[in-house]
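S.K.: Have a look at this one before I ask anything.
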Amino acid sequence: ASQPLHRRLRQGRQQIIDHHHIHHFPRSRRRQLRHVRRRVDARHNTVDLPLNRRQPHLRRRKLPRYARTLVPEVTDAMIAGTLPLVRLALRRDRILLPAWIIGFAGMAGFSASATTGLYPGEAERVAAAEAVNSTSAMVALYGRIADPTSVGQLSLFKLTAFGAALTGVLMVFIVIRHTRADEEAGRLELMTAGSLGRLAPLAASLLVATGASLLLGVISALALIGAGLAVAGSFAFGLGWAMTGVAFAAVAGICAQVTTGARAARGLALLLV
């Protein structure tokens, strides 16, 4: 109590500054106190509010609970056991993931190869592209073909959006399968009884889904290159599928955290897809 008021404020021990007491300071000190910036004390979960004419009191108060836990600090203990869970998920999906990835990549490659054989000349490709662009329903579903002479646009204008949606659906099922569905089945409770962090299942499922999305994009691009399409366009197509899978894997992770059951999580994530 023997220290000056401004020194106690700087050290973080001032609780309330009465508006009338501020007028006992010199003009320069009053100006300095009125322009105190908002500061958050992470150690004590407190905040200093600025002092101005509309707010006559500068007080130090507790942050609300939701503000203190909005961005929790991730420690090593929270993600302990992530790599074993990744290996377990890959072992459980050793048939599902390769089948879907090879099926998607093969579908893209076969579509490009069939279009090349069906429309070998430029005149045939232009006529087919104009027929698609003149149909309002096709344009509403898949968009317009910007370059009628391009084999890639003609062969992949349907798979660009439709395949991306299927990729998002696949990643939704993978993430929820290894998070909320395992929790409902009781497998997560059994594993968390040991040295397993509470964020490890979510981190492992996101790693698996991200890796599967990137692998799908690369294999699809290689399949398109093998079918005779341009290298740049093939990798751009594969990148679009891959980033769609990564995005909806994150969406599925959020849905798994905000719902109480796997069915509700799947329904909410598929609604967003």
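Naming scheme: A, B, ... for chains in displayed order of the structure tokens; residues 1 onward per chain; ligands 1 onward as shown.
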Contacts of Val151 of chain A at 7 Å or less, counting only C-alpha atoms, minus same-chain residues fewer than 3 places along, as a ChimeraX atom specification?

M.R.: /A:116,154-155

S.K.: I'd like the neighbourhood of segment 215-222 of chain A as JSON, numbers by chain, where a residue qualifies if any of its atoms comes within 7 Å (using only C-alpha atoms), though same-chain residues fewer than 3 positions away should be ignored.

M.R.: {"A": [101, 105, 108, 211, 212, 225, 226, 234, 235, 237, 238, 239, 241, 242]}

S.K.: Keeping only all heavy atoms, write the selected residues to a file as a short mmCIF file (atom, residue, chain, number, x, y, z; two decimals), in the first residue's frame.

M.R.:
```
data_model
loop_
_atom_site.label_atom_id
_atom_site.label_comp_id
_atom_site.auth_asym_id
_atom_site.auth_seq_id
_atom_site.Cartn_x
_atom_site.Cartn_y
_atom_site.Cartn_z
N ILE A 101 -8.79 -45.93 -52.94
CA ILE A 101 -7.80 -45.12 -53.64
C ILE A 101 -7.57 -45.64 -55.06
O ILE A 101 -7.58 -44.87 -56.04
CB ILE A 101 -6.49 -45.08 -52.84
CG1 ILE A 101 -6.70 -44.28 -51.55
CG2 ILE A 101 -5.36 -44.48 -53.66
CD1 ILE A 101 -5.50 -44.30 -50.62
N ALA A 105 -8.62 -43.60 -58.52
CA ALA A 105 -7.58 -43.30 -59.51
C ALA A 105 -7.86 -44.03 -60.82
O ALA A 105 -7.70 -43.47 -61.91
CB ALA A 105 -6.22 -43.68 -58.96
N ALA A 108 -10.63 -42.26 -62.77
CA ALA A 108 -10.15 -41.07 -63.48
C ALA A 108 -9.34 -41.45 -64.71
O ALA A 108 -9.50 -40.86 -65.79
CB ALA A 108 -9.33 -40.20 -62.54
N GLY A 211 -2.88 -38.42 -45.05
CA GLY A 211 -2.01 -39.25 -45.88
C GLY A 211 -2.76 -39.95 -47.00
O GLY A 211 -2.27 -40.03 -48.14
N ALA A 212 -3.94 -40.45 -46.71
CA ALA A 212 -4.74 -41.11 -47.75
C ALA A 212 -5.17 -40.12 -48.83
O ALA A 212 -5.18 -40.46 -50.03
CB ALA A 212 -5.97 -41.76 -47.12
N ILE A 225 -1.75 -39.04 -66.25
CA ILE A 225 -0.58 -38.90 -67.12
C ILE A 225 -0.40 -40.15 -67.98
O ILE A 225 -0.08 -40.08 -69.17
CB ILE A 225 0.67 -38.63 -66.26
CG1 ILE A 225 0.56 -37.26 -65.59
CG2 ILE A 225 1.94 -38.69 -67.10
CD1 ILE A 225 1.66 -36.98 -64.59
N GLY A 226 -0.64 -41.32 -67.38
CA GLY A 226 -0.56 -42.55 -68.14
C GLY A 226 -1.62 -42.64 -69.23
O GLY A 226 -1.41 -43.32 -70.25
N SER A 234 -2.85 -32.78 -64.91
CA SER A 234 -3.09 -34.01 -64.14
C SER A 234 -2.80 -33.79 -62.66
O SER A 234 -3.58 -34.21 -61.79
CB SER A 234 -2.23 -35.14 -64.69
OG SER A 234 -2.54 -35.39 -66.05
N PHE A 235 -1.69 -33.13 -62.35
CA PHE A 235 -1.36 -32.88 -60.94
C PHE A 235 -2.29 -31.84 -60.33
O PHE A 235 -2.57 -31.89 -59.13
CB PHE A 235 0.10 -32.46 -60.81
CG PHE A 235 1.05 -33.61 -60.75
CD1 PHE A 235 1.79 -33.98 -61.87
CD2 PHE A 235 1.20 -34.36 -59.59
CE1 PHE A 235 2.66 -35.06 -61.82
CE2 PHE A 235 2.07 -35.42 -59.52
CZ PHE A 235 2.81 -35.79 -60.65
N PHE A 237 -5.47 -31.60 -61.07
CA PHE A 237 -6.67 -32.38 -60.77
C PHE A 237 -6.46 -33.21 -59.50
O PHE A 237 -7.34 -33.26 -58.62
CB PHE A 237 -6.98 -33.29 -61.97
CG PHE A 237 -8.19 -34.15 -61.77
CD1 PHE A 237 -9.46 -33.68 -62.02
CD2 PHE A 237 -8.06 -35.47 -61.34
CE1 PHE A 237 -10.58 -34.49 -61.85
CE2 PHE A 237 -9.16 -36.28 -61.16
CZ PHE A 237 -10.43 -35.79 -61.42
N GLY A 238 -5.33 -33.89 -59.40
CA GLY A 238 -5.05 -34.69 -58.20
C GLY A 238 -4.96 -33.83 -56.95
O GLY A 238 -5.40 -34.24 -55.87
N LEU A 239 -4.39 -32.63 -57.09
CA LEU A 239 -4.30 -31.73 -55.93
C LEU A 239 -5.68 -31.29 -55.46
O LEU A 239 -5.92 -31.14 -54.26
CB LEU A 239 -3.45 -30.51 -56.30
CG LEU A 239 -3.20 -29.49 -55.19
CD1 LEU A 239 -2.41 -30.12 -54.04
CD2 LEU A 239 -2.47 -28.28 -55.73
N TRP A 241 -8.50 -33.03 -55.64
CA TRP A 241 -9.06 -34.15 -54.87
C TRP A 241 -8.40 -34.26 -53.50
O TRP A 241 -9.07 -34.49 -52.49
CB TRP A 241 -8.88 -35.45 -55.65
CG TRP A 241 -9.97 -35.71 -56.63
CD1 TRP A 241 -10.94 -34.83 -57.04
CD2 TRP A 241 -10.21 -36.94 -57.33
NE1 TRP A 241 -11.76 -35.43 -57.96
CE2 TRP A 241 -11.35 -36.72 -58.15
CE3 TRP A 241 -9.60 -38.17 -57.34
CZ2 TRP A 241 -11.88 -37.71 -58.97
CZ3 TRP A 241 -10.13 -39.17 -58.17
CH2 TRP A 241 -11.24 -38.94 -58.97
N ALA A 242 -7.08 -34.11 -53.47
CA ALA A 242 -6.36 -34.27 -52.20
C ALA A 242 -6.75 -33.20 -51.19
O ALA A 242 -7.01 -33.49 -50.01
CB ALA A 242 -4.85 -34.23 -52.45
#
```

S.K.: Rank nothing, just name the residue among A:Leu271, A:Leu224, A:Val139, A:Ala128 nearest to Phe110 of chain A, using only C-alpha atoms.

M.R.: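 The answer is A:Leu224, which sits nearest to Phe110 of chain A.
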
S.K.: Return the single residue from A:Ala99, A:Ala112, A:Ala129, A:Ile174 that is closest to Gly245 of chain A, with distances computed using only C-alpha atoms.

M.R.: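 Using only C-alpha atoms, Gly245 of chain A sits closest to A:Ile174.
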
S.K.: So that I can see what lies close to Ala269 of chain A, please list as a list in words the residues with an atom at most 8 Å from it, counting only C-alpha atoms and leaving out residues fewer than 6 positions away in the same chain.

M.R.: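 Once the adjacent positions are removed, what remains is Val172, Phe248, Val251, Ala252 and Cys255 of chain A.
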
S.K.: Hey, which of A:Pro148, A:Gly103, A:Gly163, A:Gly197 ends up closest to Leu83 of chain A? Count only C-alpha atoms.

M.R.: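 Using only C-alpha atoms, the shortest distance to Leu83 of chain A belongs to A:Gly197.
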
S.K.: Need the shell around segment 93-98 of chain A: protein/DNA/RNA residues with any atom at most 12 Å away, counting only C-alpha atoms. Skip same-chain ones fewer than 2 positions apart. Format as a PyMOL selection string?

M.R.: chain A and resi 86-91+100-106+167+170-171+173-175+177-178+205+208-209+211-213+215-216+219

S.K.: Between atom CA of Gly81 of chain A and atom CA of Leu268 of chain A, what distance in Å does the model show, to one decimal?

M.R.: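 Here the two named atoms are 28.2 Å from each other.
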
S.K.: Measure the distance from atom CA of Val126 of chain A to atom CA of Gly240 of chain A in Å and round it to one decimal.

M.R.: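 Computing it gives 25.1 Å between the two atoms.
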
S.K.: Of the residues A:Leu118, A:Ala161, A:Ser195, A:Gly261, which is the one nearest to Asp182 of chain A, using only C-alpha atoms?

M.R.: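 Looking at the shortest contact to Asp182 of chain A, the residue is A:Gly261.
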
S.K.: Choose the residue, out of A:Ala127, A:Leu206, A:Leu229, A:Met243, that has the smallest atom-to-atom separation from Ser111 of chain A; count only C-alpha atoms.

M.R.: A:Leu229

S.K.: So which one's closest to Asp147 of chain A, A:Leu159, A:Val132, A:Ala256, A:Met191? Using only C-alpha atoms, please.

M.R.: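 With only C-alpha atoms as the atom set, the closest residue is A:Val132.
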
S.K.: Find the residues near Ile79 of chain A: any atom within 6 Å, counting only C-alpha atoms, skip ones fewer than 3 places away on the same chain, and give them as a PDB file with all heavy atoms, in the first residue's frame.

M.R.:
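Below is the file that was written, result.pdb:
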```pdb
ATOM      1  N   ASP A  76       2.866 -32.834 -24.859  1.00  0.00           N
ATOM      2  CA  ASP A  76       3.241 -34.151 -25.374  1.00  0.00           C
ATOM      3  C   ASP A  76       2.382 -35.252 -24.768  1.00  0.00           C
ATOM      4  O   ASP A  76       2.128 -36.272 -25.418  1.00  0.00           O
ATOM      5  CB  ASP A  76       4.717 -34.426 -25.075  1.00  0.00           C
ATOM      6  CG  ASP A  76       5.635 -33.490 -25.840  1.00  0.00           C
ATOM      7  OD1 ASP A  76       5.184 -32.958 -26.879  1.00  0.00           O
ATOM      8  OD2 ASP A  76       6.786 -33.285 -25.416  1.00  0.00           O
ATOM      9  N   THR A  82       0.163 -41.513 -30.420  1.00  0.00           N
ATOM     10  CA  THR A  82      -0.444 -41.230 -31.722  1.00  0.00           C
ATOM     11  C   THR A  82       0.062 -42.195 -32.791  1.00  0.00           C
ATOM     12  O   THR A  82      -0.728 -42.725 -33.591  1.00  0.00           O
ATOM     13  CB  THR A  82      -0.153 -39.782 -32.131  1.00  0.00           C
ATOM     14  OG1 THR A  82      -0.706 -38.897 -31.147  1.00  0.00           O
ATOM     15  CG2 THR A  82      -0.779 -39.465 -33.474  1.00  0.00           C
ATOM     16  N   GLY A 197      -2.750 -40.383 -24.803  1.00  0.00           N
ATOM     17  CA  GLY A 197      -3.246 -39.037 -24.622  1.00  0.00           C
ATOM     18  C   GLY A 197      -4.670 -38.890 -25.120  1.00  0.00           C
ATOM     19  O   GLY A 197      -5.128 -39.619 -26.002  1.00  0.00           O
ATOM     20  N   LEU A 199      -5.907 -36.548 -26.926  1.00  0.00           N
ATOM     21  CA  LEU A 199      -5.980 -36.050 -28.292  1.00  0.00           C
ATOM     22  C   LEU A 199      -5.369 -37.009 -29.301  1.00  0.00           C
ATOM     23  O   LEU A 199      -5.390 -36.724 -30.504  1.00  0.00           O
ATOM     24  CB  LEU A 199      -5.276 -34.692 -28.400  1.00  0.00           C
ATOM     25  CG  LEU A 199      -5.874 -33.536 -27.599  1.00  0.00           C
ATOM     26  CD1 LEU A 199      -5.082 -32.274 -27.828  1.00  0.00           C
ATOM     27  CD2 LEU A 199      -7.334 -33.321 -27.963  1.00  0.00           C
ATOM     28  N   ALA A 200      -4.836 -38.123 -28.843  1.00  0.00           N
ATOM     29  CA  ALA A 200      -4.168 -39.059 -29.747  1.00  0.00           C
ATOM     30  C   ALA A 200      -5.119 -39.681 -30.770  1.00  0.00           C
ATOM     31  O   ALA A 200      -4.757 -39.794 -31.949  1.00  0.00           O
ATOM     32  CB  ALA A 200      -3.463 -40.141 -28.936  1.00  0.00           C
TER      33      ALA A 200
END
```
